[in-house]
>>> print(open('start_4.pdb').read())   # PDB, C-alpha atoms
ATOM      1  CA  MET A 939       2.719 -18.151 -27.461
ATOM      2  CA  LYS A 940       5.784 -19.762 -25.904
ATOM      3  CA  ILE A 941       6.748 -17.819 -22.802
ATOM      4  CA  GLY A 942      10.040 -18.039 -20.942
ATOM      5  CA  PHE A 943      10.802 -16.955 -17.401
ATOM      6  CA  ILE A 944      14.253 -15.743 -16.414
ATOM      7  CA  GLY A 945      14.163 -16.041 -12.657
ATOM      8  CA  THR A 946      11.571 -17.586 -10.375
ATOM      9  CA  GLY A 947      11.260 -15.030  -7.616
ATOM     10  CA  ASN A 948       8.018 -14.412  -5.769
ATOM     11  CA  MET A 949       6.347 -12.446  -8.550
ATOM     12  CA  ALA A 950       7.472 -14.648 -11.425
ATOM     13  CA  SER A 951       6.469 -17.733  -9.453
ATOM     14  CA  SER A 952       3.033 -16.255  -8.853
ATOM     15  CA  ILE A 953       2.584 -15.705 -12.573
ATOM     16  CA  ILE A 954       3.808 -19.187 -13.495
ATOM     17  CA  LEU A 955       1.472 -20.835 -10.992
ATOM     18  CA  GLY A 956      -1.378 -18.564 -12.007
ATOM     19  CA  LEU A 957      -0.965 -19.570 -15.641
ATOM     20  CA  ILE A 958      -0.826 -23.254 -14.744
ATOM     21  CA  ASN A 959      -3.887 -22.955 -12.488
ATOM     22  CA  THR A 960      -5.917 -21.459 -15.333
ATOM     23  CA  GLY A 961      -4.994 -24.152 -17.834
ATOM     24  CA  TYR A 962      -2.108 -22.583 -19.739
ATOM     25  CA  ASN A 963      -0.262 -25.335 -21.592
ATOM     26  CA  PRO A 964       2.844 -26.078 -19.480
ATOM     27  CA  ALA A 965       4.641 -27.296 -22.611
ATOM     28  CA  ASN A 966       4.706 -23.645 -23.718
ATOM     29  CA  ILE A 967       6.358 -22.432 -20.489
ATOM     30  CA  TRP A 968      10.158 -22.368 -20.119
ATOM     31  CA  VAL A 969      11.806 -21.624 -16.788
ATOM     32  CA  THR A 970      15.306 -21.084 -15.465
ATOM     33  CA  ASN A 971      16.803 -19.594 -12.326
ATOM     34  CA  ARG A 972      20.284 -18.807 -11.070
ATOM     35  CA  THR A 973      19.632 -21.215  -8.188
ATOM     36  CA  MET A 974      18.317 -24.224 -10.060
ATOM     37  CA  ALA A 975      16.603 -25.761  -7.031
ATOM     38  CA  LYS A 976      14.148 -22.863  -7.120
ATOM     39  CA  ALA A 977      13.350 -23.526 -10.781
ATOM     40  CA  GLU A 978      13.136 -27.283 -10.390
ATOM     41  CA  LYS A 979      10.156 -26.982  -8.049
ATOM     42  CA  PHE A 980       8.114 -26.267 -11.185
ATOM     43  CA  ALA A 981       9.076 -29.541 -12.859
ATOM     44  CA  LYS A 982       6.128 -31.287 -11.207
ATOM     45  CA  TYR A 983       3.833 -29.008 -13.216
ATOM     46  CA  LYS A 984       5.363 -30.332 -16.469
ATOM     47  CA  VAL A 985       6.852 -26.980 -17.498
ATOM     48  CA  ASN A 986      10.214 -26.961 -19.255
ATOM     49  CA  VAL A 987      12.868 -26.385 -16.597
ATOM     50  CA  VAL A 988      16.268 -25.619 -18.138
ATOM     51  CA  SER A 989      19.627 -24.623 -16.730
ATOM     52  CA  THR A 990      20.550 -21.633 -18.889
ATOM     53  CA  SER A 991      19.079 -18.399 -20.168
ATOM     54  CA  GLU A 992      20.225 -19.367 -23.671
ATOM     55  CA  GLU A 993      17.831 -22.327 -23.628
ATOM     56  CA  VAL A 994      14.933 -20.136 -22.548
ATOM     57  CA  ILE A 995      15.728 -17.594 -25.261
ATOM     58  CA  ALA A 996      16.038 -20.258 -27.948
ATOM     59  CA  ASN A 997      12.700 -21.863 -27.138
ATOM     60  CA  SER A 998      10.522 -18.840 -26.282
ATOM     61  CA  ASP A 999       9.128 -16.016 -28.381
ATOM     62  CA  THR A1000       8.203 -13.976 -25.305
ATOM     63  CA  ILE A1001      10.518 -13.663 -22.308
ATOM     64  CA  LEU A1002       9.522 -12.399 -18.891
ATOM     65  CA  LEU A1003      12.386 -11.038 -16.822
ATOM     66  CA  GLY A1004      11.693 -12.231 -13.289
ATOM     67  CA  MET A1005      14.930 -11.251 -11.591
ATOM     68  CA  LYS A1006      15.328  -8.293  -9.235
ATOM     69  CA  PRO A1007      15.381  -4.914 -11.005
ATOM     70  CA  ASP A1008      19.136  -4.475 -10.476
ATOM     71  CA  GLY A1009      19.633  -7.682 -12.451
ATOM     72  CA  TYR A1010      18.024  -6.382 -15.636
ATOM     73  CA  LYS A1011      21.032  -4.487 -16.993
ATOM     74  CA  PRO A1012      23.597  -7.264 -16.441
ATOM     75  CA  TRP A1013      21.286  -9.801 -18.063
ATOM     76  CA  LEU A1014      20.382  -7.621 -21.042
ATOM     77  CA  ASP A1015      24.042  -6.716 -21.524
ATOM     78  CA  THR A1016      24.901 -10.427 -21.680
ATOM     79  CA  TYR A1017      22.288 -12.064 -23.888
ATOM     80  CA  SER A1018      21.033 -11.510 -27.421
ATOM     81  CA  ILE A1019      17.263 -10.971 -27.467
ATOM     82  CA  GLU A1020      16.820 -10.160 -31.153
ATOM     83  CA  GLY A1021      13.354 -11.104 -32.350
ATOM     84  CA  LYS A1022      12.034 -11.702 -28.833
ATOM     85  CA  LYS A1023       9.354  -9.798 -26.953
ATOM     86  CA  ILE A1024      10.560  -8.838 -23.473
ATOM     87  CA  ILE A1025       8.134  -8.401 -20.584
ATOM     88  CA  SER A1026       9.366  -6.364 -17.629
ATOM     89  CA  ILE A1027       7.859  -6.842 -14.169
ATOM     90  CA  GLY A1028      10.572  -4.971 -12.274
ATOM     91  CA  ALA A1029       9.948  -1.887 -10.168
ATOM     92  CA  GLY A1030      11.701   1.164 -11.576
ATOM     93  CA  ILE A1031      12.210  -0.306 -15.063
ATOM     94  CA  THR A1032      11.304   2.353 -17.644
ATOM     95  CA  SER A1033      10.710   2.492 -21.379
ATOM     96  CA  GLN A1034      13.737   4.755 -21.690
ATOM     97  CA  PHE A1035      15.884   2.040 -20.151
ATOM     98  CA  MET A1036      14.406  -0.802 -22.205
ATOM     99  CA  LYS A1037      14.888   1.087 -25.487
ATOM    100  CA  ASN A1038      18.642   0.744 -24.971
ATOM    101  CA  TYR A1039      18.173  -2.937 -25.802
ATOM    102  CA  THR A1040      15.005  -3.419 -27.836
ATOM    103  CA  ASP A1041      11.839  -1.729 -29.046
ATOM    104  CA  ASN A1042       9.861  -4.936 -28.588
ATOM    105  CA  PHE A1043       9.094  -4.743 -24.887
ATOM    106  CA  VAL A1044       6.154  -4.442 -22.506
ATOM    107  CA  ILE A1045       6.365  -2.707 -19.128
ATOM    108  CA  THR A1046       4.121  -4.324 -16.512
ATOM    109  CA  MET A1047       3.653  -4.405 -12.773
ATOM    110  CA  PRO A1048       1.752  -7.483 -11.541
ATOM    111  CA  ASN A1049       1.025  -8.276  -7.915
ATOM    112  CA  THR A1050       1.364 -11.374  -5.770
ATOM    113  CA  PRO A1051      -2.365 -12.327  -5.633
ATOM    114  CA  SER A1052      -1.775 -13.415  -9.238
ATOM    115  CA  LYS A1053      -0.758 -16.764  -7.733
ATOM    116  CA  LEU A1054      -4.401 -17.333  -6.765
ATOM    117  CA  CYS A1055      -5.735 -15.738  -9.978
ATOM    118  CA  TYR A1056      -6.774 -12.571  -8.128
ATOM    119  CA  GLY A1057      -4.046 -10.525  -9.755
ATOM    120  CA  SER A1058      -4.257  -6.869 -10.673
ATOM    121  CA  THR A1059      -1.592  -6.130 -13.277
ATOM    122  CA  LEU A1060      -0.641  -2.695 -14.546
ATOM    123  CA  ILE A1061       0.395  -2.688 -18.208
ATOM    124  CA  VAL A1062       1.867   0.399 -19.845
ATOM    125  CA  GLU A1063       0.031   1.219 -23.062
ATOM    126  CA  SER A1064       2.020   0.604 -26.244
ATOM    127  CA  ASP A1065       1.776  -1.001 -29.682
ATOM    128  CA  THR A1066       3.618  -4.057 -28.341
ATOM    129  CA  VAL A1067       0.794  -4.962 -25.946
ATOM    130  CA  THR A1068      -0.770  -7.744 -27.990
ATOM    131  CA  PRO A1069      -3.863  -9.821 -27.180
ATOM    132  CA  GLU A1070      -1.471 -12.672 -26.279
ATOM    133  CA  VAL A1071       0.303 -10.535 -23.677
ATOM    134  CA  LEU A1072      -2.997  -9.353 -22.240
ATOM    135  CA  ALA A1073      -4.178 -12.963 -22.089
ATOM    136  CA  VAL A1074      -1.213 -13.903 -19.859
ATOM    137  CA  PHE A1075      -2.175 -11.388 -17.219
ATOM    138  CA  GLU A1076      -5.933 -11.757 -17.660
ATOM    139  CA  ALA A1077      -5.444 -15.470 -16.965
ATOM    140  CA  ILE A1078      -4.238 -14.563 -13.472
ATOM    141  CA  GLY A1079      -6.667 -11.768 -12.678
ATOM    142  CA  LYS A1080      -7.381  -8.342 -14.146
ATOM    143  CA  ALA A1081      -5.146  -6.277 -16.430
ATOM    144  CA  HIS A1082      -5.236  -2.477 -16.402
ATOM    145  CA  LEU A1083      -3.814  -0.479 -19.311
ATOM    146  CA  ILE A1084      -2.307   2.790 -18.078
ATOM    147  CA  LYS A1085       0.030   5.555 -19.183
ATOM    148  CA  GLU A1086       3.651   5.194 -18.093
ATOM    149  CA  GLU A1087       3.600   8.440 -16.134
ATOM    150  CA  GLU A1088       0.841   6.944 -13.977
ATOM    151  CA  LEU A1089       2.716   3.735 -13.212
ATOM    152  CA  ASP A1090       4.515   4.741 -10.008
ATOM    153  CA  VAL A1091       1.376   5.849  -8.189
ATOM    154  CA  TYR A1092      -0.844   3.041  -9.461
ATOM    155  CA  THR A1093       1.819   0.586  -8.265
ATOM    156  CA  LEU A1094       1.113   1.804  -4.728
ATOM    157  CA  VAL A1095      -2.467   0.619  -5.274
ATOM    158  CA  THR A1096      -1.947  -2.773  -6.881
ATOM    159  CA  GLY A1097       1.619  -3.918  -6.314
ATOM    160  CA  CYS A1098       2.055  -2.720  -2.734
ATOM    161  CA  SER A1099      -1.411  -2.799  -1.201
ATOM    162  CA  PRO A1100      -1.547  -6.553  -0.445
ATOM    163  CA  ALA A1101       1.176  -5.878   2.120
ATOM    164  CA  TYR A1102      -0.880  -3.023   3.559
ATOM    165  CA  PHE A1103      -3.799  -5.363   4.192
ATOM    166  CA  PHE A1104      -1.534  -8.064   5.611
ATOM    167  CA  SER A1105       0.080  -5.514   7.919
ATOM    168  CA  PHE A1106      -3.315  -4.221   9.001
ATOM    169  CA  VAL A1107      -4.467  -7.732   9.936
ATOM    170  CA  ALA A1108      -1.156  -8.554  11.629
ATOM    171  CA  ASN A1109      -1.226  -5.419  13.764
ATOM    172  CA  MET A1110      -4.870  -5.839  14.721
ATOM    173  CA  SER A1111      -4.220  -9.466  15.646
ATOM    174  CA  GLU A1112      -1.155  -8.529  17.697
ATOM    175  CA  VAL A1113      -3.015  -5.905  19.715
ATOM    176  CA  LEU A1114      -6.051  -8.097  20.345
ATOM    177  CA  SER A1115      -4.007 -11.121  21.386
ATOM    178  CA  SER A1116      -1.321  -9.376  23.450
ATOM    179  CA  GLN A1117      -3.279  -6.505  24.981
ATOM    180  CA  TYR A1118      -6.640  -8.203  25.469
ATOM    181  CA  ASN A1119      -5.483 -11.807  26.022
ATOM    182  CA  LEU A1120      -7.411 -13.265  23.103
ATOM    183  CA  ASP A1121      -6.321 -16.445  21.327
ATOM    184  CA  GLU A1122      -4.165 -15.336  18.390
ATOM    185  CA  HIS A1123      -5.201 -18.254  16.156
ATOM    186  CA  VAL A1124      -8.883 -17.616  16.772
ATOM    187  CA  VAL A1125      -8.443 -13.890  16.119
ATOM    188  CA  ASN A1126      -6.559 -14.574  12.864
ATOM    189  CA  ASP A1127      -9.280 -16.953  11.698
ATOM    190  CA  MET A1128     -11.944 -14.361  12.442
ATOM    191  CA  LEU A1129     -10.057 -11.529  10.752
ATOM    192  CA  ILE A1130      -9.396 -13.562   7.614
ATOM    193  CA  GLN A1131     -13.076 -14.477   7.369
ATOM    194  CA  VAL A1132     -14.072 -10.842   7.888
ATOM    195  CA  LEU A1133     -11.575  -9.705   5.245
ATOM    196  CA  ASN A1134     -12.917 -12.234   2.746
ATOM    197  CA  GLY A1135     -16.489 -11.212   3.474
ATOM    198  CA  SER A1136     -15.687  -7.514   3.267
ATOM    199  CA  GLY A1137     -14.015  -8.026  -0.101
ATOM    200  CA  ALA A1138     -17.099  -9.865  -1.350
ATOM    201  CA  MET A1139     -19.288  -6.972  -0.168
ATOM    202  CA  LEU A1140     -17.091  -4.489  -2.044
ATOM    203  CA  ASN A1141     -17.508  -6.554  -5.211
ATOM    204  CA  VAL A1142     -21.270  -6.094  -4.911
ATOM    205  CA  ASP A1143     -21.143  -2.456  -3.795
ATOM    206  CA  PRO A1144     -17.776  -0.831  -4.667
ATOM    207  CA  ASN A1145     -18.276   2.139  -2.361
ATOM    208  CA  PRO A1146     -16.084   1.625   0.719
ATOM    209  CA  LYS A1147     -17.100   4.826   2.468
ATOM    210  CA  GLN A1148     -20.790   4.042   2.117
ATOM    211  CA  LEU A1149     -20.265   0.498   3.361
ATOM    212  CA  CYS A1150     -18.277   1.802   6.324
ATOM    213  CA  ASP A1151     -21.093   4.188   7.199
ATOM    214  CA  LYS A1152     -23.567   1.299   7.143
ATOM    215  CA  VAL A1153     -21.500  -0.593   9.732
ATOM    216  CA  CYS A1154     -20.974   2.435  11.963
ATOM    217  CA  SER A1155     -24.113   3.177  13.961
ATOM    218  CA  PRO A1156     -24.114   6.750  15.321
ATOM    219  CA  GLY A1157     -23.065   6.634  18.950
ATOM    220  CA  GLY A1158     -22.101   2.977  18.641
ATOM    221  CA  ILE A1159     -18.812   1.187  19.297
ATOM    222  CA  THR A1160     -17.512   0.765  15.721
ATOM    223  CA  ILE A1161     -17.462   4.480  15.016
ATOM    224  CA  GLU A1162     -15.116   4.988  17.972
ATOM    225  CA  VAL A1163     -12.377   2.936  16.286
ATOM    226  CA  VAL A1164     -13.131   4.281  12.806
ATOM    227  CA  ASN A1165     -12.820   7.866  14.036
ATOM    228  CA  HIS A1166      -9.301   7.096  15.268
ATOM    229  CA  LEU A1167      -8.413   5.418  11.973
ATOM    230  CA  ASN A1168      -9.767   8.291   9.907
ATOM    231  CA  LYS A1169      -7.761  10.722  12.007
ATOM    232  CA  ASP A1170      -4.416   8.955  11.636
ATOM    233  CA  LEU A1171      -4.491   6.898   8.435
ATOM    234  CA  PRO A1172      -4.664   9.676   5.791
ATOM    235  CA  ASP A1173      -1.431  11.277   7.007
ATOM    236  CA  THR A1174       0.194   7.869   7.501
ATOM    237  CA  PHE A1175      -0.683   6.781   3.972
ATOM    238  CA  LYS A1176       0.458  10.082   2.432
ATOM    239  CA  ALA A1177       3.818   9.890   4.190
ATOM    240  CA  GLY A1178       4.226   6.262   3.197
ATOM    241  CA  PHE A1179       3.237   6.877  -0.430
ATOM    242  CA  ASP A1180       5.668   9.791  -0.701
ATOM    243  CA  ALA A1181       8.489   7.635   0.701
ATOM    244  CA  ALA A1182       7.632   4.798  -1.690
ATOM    245  CA  ILE A1183       7.615   7.080  -4.751
ATOM    246  CA  LYS A1184      10.952   8.551  -3.669
ATOM    247  CA  ARG A1185      12.388   5.039  -3.414
ATOM    248  CA  THR A1186      10.943   4.139  -6.820
ATOM    249  CA  ASN A1187      12.706   7.107  -8.400
ATOM    250  CA  GLU A1188      15.973   6.054  -6.748
ATOM    251  CA  MET A1189      15.628   2.583  -8.275
ATOM    252  CA  LYS A1190      14.869   3.711 -11.813
ATOM    253  CA  ASN A1191      17.264   2.779 -14.600
TER     254      ASN A1191
END
>>> encode(input="start_4.pdb", output="structure tokens")
Amino acid sequence: MKIGFIGTGNMASSIILGLINTGYNPANIWVTNRTMAKAEKFAKYKVNVVSTSEEVIANSDTILLGMKPDGYKPWLDTYSIEGKKIISIGAGITSQFMKNYTDNFVITMPNTPSKLCYGSTLIVESDTVTPEVLAVFEAIGKAHLIKEEELDVYTLVTGCSPAYFFSFVANMSEVLSSQYNLDEHVVNDMLIQVLNGSGAMLNVDPNPKQLCDKVCSPGGITIEVVNHLNKDLPDTFKAGFDAAIKRTNEMKN
């Protein structure tokens, strides 16, 4: 499969690098971007960097739209995509919208850990989801086939949650370094190691509540912090999820 990328934003770049890192033939990857300097950074990987969308369309059988969601309509209104499979990775892009232009499309929502081949990509079930399409996203992590009506909420799990973990680490580091006078670099190093180790433990025993209970000795120090987190986080997450879904609906085409 020859795959073209229109746009090299953060998500598209993660997918391109993920494919390259897992041995995908760079000769079968075509890339362009409105700002060519951003596309040209991929030249060192021997992918085909071209200056126009027309060149990507002419040389690819599958085209991934990597621009921001508000750029989908202008692009699709401009270019002929007859005979091409279109992969959407944009938040708020729906099947109803895509059917205005083609029936040969796949709605997906990858996440940024794809760059390191730890991706978790949501793919809306349809007849157009071929083994070749699955292979693209399985090359950069795991692919999850879901129903379209489930996409918005599952996106909160896969697409958004890396930022939740980053924010959690950043806030913990900030409090420990500023309020308790600890070395920020040392704290960050410790937290990253703990996060990596905790993720490895979850791979062995995917029961976070049970693992948490094992760390929290009754009457010990850990349970004091966890009790505060359990008191505040459920309401915080619910409010945040509701706001995110509302924003998703506002963005939908």
>>> residues_around(input="start_4.pdb", residues="Glu993 (chain A)", least_positions_apart="6", cutoff="10 Å", atoms="only C-alpha atoms", output="PyMOL selection string")
chain A and resi 942+968-970+986-987
>>> resolve_selection(input="start_4.pdb", expression="the PyMOL selection byres ((chain A and resi 1082) around 8)", output="PyMOL selection string")
chain A and resi 1058-1061+1080-1081+1083-1084
>>> write_last_selection(input="start_4.pdb", atoms="C-alpha atoms", output="compact mmCIF listing (two decimals), keeping the file's coordinate frame")
# COMPACT_ATOMS: atom_id res chain seq x y z
CA SER A 1058 -4.26 -6.87 -10.67
CA THR A 1059 -1.59 -6.13 -13.28
CA LEU A 1060 -0.64 -2.70 -14.55
CA ILE A 1061 0.40 -2.69 -18.21
CA LYS A 1080 -7.38 -8.34 -14.15
CA ALA A 1081 -5.15 -6.28 -16.43
CA LEU A 1083 -3.81 -0.48 -19.31
CA ILE A 1084 -2.31 2.79 -18.08
>>> axis_aligned_box(input="start_4.pdb", around="region 1147-1152 of chain A", padding_each_side="4 Å", output="JSON")
{"center_x": -20.3, "center_y": 2.7, "center_z": 4.7, "size_x": 14.5, "size_y": 12.3, "size_z": 13.1}
>>> closest_residue(input="start_4.pdb", among="A:Thr1050, A:Ser1064, A:Thr1040, A:Gln1131", to="Ile1078 (chain A)", atoms="only C-alpha atoms")
A:Thr1050
>>> closest_residue(input="start_4.pdb", among="A:Gly1137, A:Pro1172, A:Gly961, A:Gly1097", to="Ala1073 (chain A)", atoms="only C-alpha atoms")
A:Gly961
>>> closest_residue(input="start_4.pdb", among="A:Pro1146, A:Gly1178, A:Gly945, A:Pro1051", to="Trp1013 (chain A)", atoms="all atoms listed in the file")
A:Gly945
>>> residues_around(input="start_4.pdb", residues="Ile954 (chain A)", least_positions_apart="3", cutoff="12 Å", atoms="only C-alpha atoms", output="mmCIF file with C-alpha atoms, in the coordinates of the input")
data_model
loop_
_atom_site.group_PDB
_atom_site.id
_atom_site.type_symbol
_atom_site.label_atom_id
_atom_site.label_comp_id
_atom_site.auth_asym_id
_atom_site.auth_seq_id
_atom_site.Cartn_x
_atom_site.Cartn_y
_atom_site.Cartn_z
ATOM 1 C CA ILE A 941 6.748 -17.819 -22.802
ATOM 2 C CA GLY A 942 10.040 -18.039 -20.942
ATOM 3 C CA PHE A 943 10.802 -16.955 -17.401
ATOM 4 C CA ILE A 944 14.253 -15.743 -16.414
ATOM 5 C CA GLY A 945 14.163 -16.041 -12.657
ATOM 6 C CA THR A 946 11.571 -17.586 -10.375
ATOM 7 C CA GLY A 947 11.260 -15.030 -7.616
ATOM 8 C CA ASN A 948 8.018 -14.412 -5.769
ATOM 9 C CA MET A 949 6.347 -12.446 -8.550
ATOM 10 C CA ALA A 950 7.472 -14.648 -11.425
ATOM 11 C CA SER A 951 6.469 -17.733 -9.453
ATOM 12 C CA LEU A 957 -0.965 -19.570 -15.641
ATOM 13 C CA ILE A 958 -0.826 -23.254 -14.744
ATOM 14 C CA ASN A 959 -3.887 -22.955 -12.488
ATOM 15 C CA THR A 960 -5.917 -21.459 -15.333
ATOM 16 C CA GLY A 961 -4.994 -24.152 -17.834
ATOM 17 C CA TYR A 962 -2.108 -22.583 -19.739
ATOM 18 C CA ASN A 963 -0.262 -25.335 -21.592
ATOM 19 C CA PRO A 964 2.844 -26.078 -19.480
ATOM 20 C CA ASN A 966 4.706 -23.645 -23.718
ATOM 21 C CA ILE A 967 6.358 -22.432 -20.489
ATOM 22 C CA TRP A 968 10.158 -22.368 -20.119
ATOM 23 C CA VAL A 969 11.806 -21.624 -16.788
ATOM 24 C CA THR A 970 15.306 -21.084 -15.465
ATOM 25 C CA ALA A 977 13.350 -23.526 -10.781
ATOM 26 C CA LYS A 979 10.156 -26.982 -8.049
ATOM 27 C CA PHE A 980 8.114 -26.267 -11.185
ATOM 28 C CA ALA A 981 9.076 -29.541 -12.859
ATOM 29 C CA TYR A 983 3.833 -29.008 -13.216
ATOM 30 C CA LYS A 984 5.363 -30.332 -16.469
ATOM 31 C CA VAL A 985 6.852 -26.980 -17.498
ATOM 32 C CA ASN A 986 10.214 -26.961 -19.255
ATOM 33 C CA VAL A 987 12.868 -26.385 -16.597
ATOM 34 C CA LEU A 1002 9.522 -12.399 -18.891
ATOM 35 C CA GLY A 1004 11.693 -12.231 -13.289
ATOM 36 C CA THR A 1050 1.364 -11.374 -5.770
ATOM 37 C CA SER A 1052 -1.775 -13.415 -9.238
ATOM 38 C CA LYS A 1053 -0.758 -16.764 -7.733
ATOM 39 C CA LEU A 1054 -4.401 -17.333 -6.765
ATOM 40 C CA CYS A 1055 -5.735 -15.738 -9.978
ATOM 41 C CA VAL A 1074 -1.213 -13.903 -19.859
ATOM 42 C CA PHE A 1075 -2.175 -11.388 -17.219
ATOM 43 C CA ALA A 1077 -5.444 -15.470 -16.965
ATOM 44 C CA ILE A 1078 -4.238 -14.563 -13.472
#
>>> residues_around(input="start_4.pdb", residues="Glu1112 (chain A)", least_positions_apart="2", cutoff="12 Å", atoms="all atoms listed in the file", output="list in words")
Ser1105, Phe1106, Val1107, Ala1108, Asn1109, Met1110, Leu1114, Ser1115, Ser1116, Gln1117, Tyr1118, Asn1119, Leu1120, Asp1121, Glu1122, His1123, Val1124, Val1125, Asn1126 and Leu1129 of chain A
>>> resolve_selection(input="start_4.pdb", expression="the PyMOL selection byres ((chain A and resi 1018) around 12)", output="list of chain:residue names")
A:Ser991, A:Glu992, A:Glu993, A:Val994, A:Ile995, A:Ala996, A:Ile1001, A:Trp1013, A:Leu1014, A:Asp1015, A:Thr1016, A:Tyr1017, A:Ile1019, A:Glu1020, A:Gly1021, A:Lys1022, A:Lys1023, A:Ile1024, A:Tyr1039, A:Thr1040
>>> closest_residue(input="start_4.pdb", among="A:Asn997, A:Met1005, A:Ser952, A:Met1189", to="Arg972 (chain A)", atoms="only C-alpha atoms")
A:Met1005
>>> atom_distance(input="start_4.pdb", atom1="CA of Ala975 (chain A)", atom2="CA of Asp1008 (chain A)")
21.7 Å
>>> resolve_selection(input="start_4.pdb", expression="the PyMOL selection byres ((chain A and resi 1043) around 8)", output="VMD selection string")
chain A and resid 1023 to 1026 1036 1040 to 1042 1044 to 1045 1066
>>> write_last_selection(input="start_4.pdb", atoms="C-alpha atoms", output="PDB file, in the coordinates of the input")
ATOM      1  CA  LYS A1023       9.354  -9.798 -26.953  1.00  0.00           C
ATOM      2  CA  ILE A1024      10.560  -8.838 -23.473  1.00  0.00           C
ATOM      3  CA  ILE A1025       8.134  -8.401 -20.584  1.00  0.00           C
ATOM      4  CA  SER A1026       9.366  -6.364 -17.629  1.00  0.00           C
ATOM      5  CA  MET A1036      14.406  -0.802 -22.205  1.00  0.00           C
ATOM      6  CA  THR A1040      15.005  -3.419 -27.836  1.00  0.00           C
ATOM      7  CA  ASP A1041      11.839  -1.729 -29.046  1.00  0.00           C
ATOM      8  CA  ASN A1042       9.861  -4.936 -28.588  1.00  0.00           C
ATOM      9  CA  VAL A1044       6.154  -4.442 -22.506  1.00  0.00           C
ATOM     10  CA  ILE A1045       6.365  -2.707 -19.128  1.00  0.00           C
ATOM     11  CA  THR A1066       3.618  -4.057 -28.341  1.00  0.00           C
TER      12      THR A1066
END
>>> closest_residue(input="start_4.pdb", among="A:Asn1038, A:Ile953, A:Val1071, A:Thr1093", to="Asp999 (chain A)", atoms="only C-alpha atoms")
A:Val1071
>>> closest_residue(input="start_4.pdb", among="A:Ala1138, A:Lys1085, A:Ile1183, A:Glu1063", to="Cys1098 (chain A)", atoms="only C-alpha atoms")
A:Ile1183
>>> atom_distance(input="start_4.pdb", atom1="CA of Met1128 (chain A)", atom2="CA of Leu1171 (chain A)")
22.9 Å
>>> residues_around(input="start_4.pdb", residues="region 1165-1167 of chain A", least_positions_apart="5", cutoff="12 Å", atoms="all atoms listed in the file", output="number ranges by chain")
A: 1106, 1150-1151, 1154, 1156-1160, 1172-1175
>>> atom_distance(input="start_4.pdb", atom1="CA of Gln1034 (chain A)", atom2="CA of Lys1011 (chain A)")
12.7 Å
>>> decode(input="start_4.pdb", residues="region 994-1004 of chain A", atoms="N, CA, C and O atoms", output="mmCIF file, in the first residue's frame")
data_model
loop_
_atom_site.group_PDB
_atom_site.id
_atom_site.type_symbol
_atom_site.label_atom_id
_atom_site.label_comp_id
_atom_site.auth_asym_id
_atom_site.auth_seq_id
_atom_site.Cartn_x
_atom_site.Cartn_y
_atom_site.Cartn_z
ATOM 1 N N VAL A 994 0.850 14.000 -3.998
ATOM 2 C CA VAL A 994 0.521 12.951 -3.040
ATOM 3 C C VAL A 994 -0.631 12.105 -3.566
ATOM 4 O O VAL A 994 -0.584 10.869 -3.532
ATOM 5 N N ILE A 995 -1.662 12.774 -4.068
ATOM 6 C CA ILE A 995 -2.834 12.054 -4.585
ATOM 7 C C ILE A 995 -2.455 11.160 -5.756
ATOM 8 O O ILE A 995 -2.877 9.993 -5.835
ATOM 9 N N ALA A 996 -1.630 11.665 -6.644
ATOM 10 C CA ALA A 996 -1.256 10.908 -7.842
ATOM 11 C C ALA A 996 -0.451 9.660 -7.509
ATOM 12 O O ALA A 996 -0.533 8.648 -8.228
ATOM 13 N N ASN A 997 0.307 9.699 -6.439
ATOM 14 C CA ASN A 997 1.240 8.610 -6.149
ATOM 15 C C ASN A 997 0.801 7.688 -5.014
ATOM 16 O O ASN A 997 1.495 6.711 -4.719
ATOM 17 N N SER A 998 -0.338 7.969 -4.392
ATOM 18 C CA SER A 998 -0.797 7.181 -3.248
ATOM 19 C C SER A 998 -2.148 6.558 -3.553
ATOM 20 O O SER A 998 -2.965 7.142 -4.268
ATOM 21 N N ASP A 999 -2.382 5.376 -3.011
ATOM 22 C CA ASP A 999 -3.724 4.786 -3.114
ATOM 23 C C ASP A 999 -4.530 5.027 -1.842
ATOM 24 O O ASP A 999 -5.747 4.940 -1.836
ATOM 25 N N THR A 1000 -3.822 5.333 -0.753
ATOM 26 C CA THR A 1000 -4.468 5.650 0.516
ATOM 27 C C THR A 1000 -3.911 6.984 1.009
ATOM 28 O O THR A 1000 -2.704 7.189 1.004
ATOM 29 N N ILE A 1001 -4.810 7.879 1.417
ATOM 30 C CA ILE A 1001 -4.381 9.222 1.810
ATOM 31 C C ILE A 1001 -4.876 9.519 3.219
ATOM 32 O O ILE A 1001 -6.077 9.420 3.509
ATOM 33 N N LEU A 1002 -3.949 9.866 4.080
ATOM 34 C CA LEU A 1002 -4.286 10.235 5.447
ATOM 35 C C LEU A 1002 -4.309 11.752 5.552
ATOM 36 O O LEU A 1002 -3.330 12.413 5.207
ATOM 37 N N LEU A 1003 -5.423 12.276 6.010
ATOM 38 C CA LEU A 1003 -5.577 13.726 6.141
ATOM 39 C C LEU A 1003 -5.077 14.151 7.518
ATOM 40 O O LEU A 1003 -5.718 13.916 8.536
ATOM 41 N N GLY A 1004 -3.897 14.785 7.533
ATOM 42 C CA GLY A 1004 -3.243 15.123 8.785
ATOM 43 C C GLY A 1004 -3.343 16.582 9.169
ATOM 44 O O GLY A 1004 -2.646 17.026 10.090
#
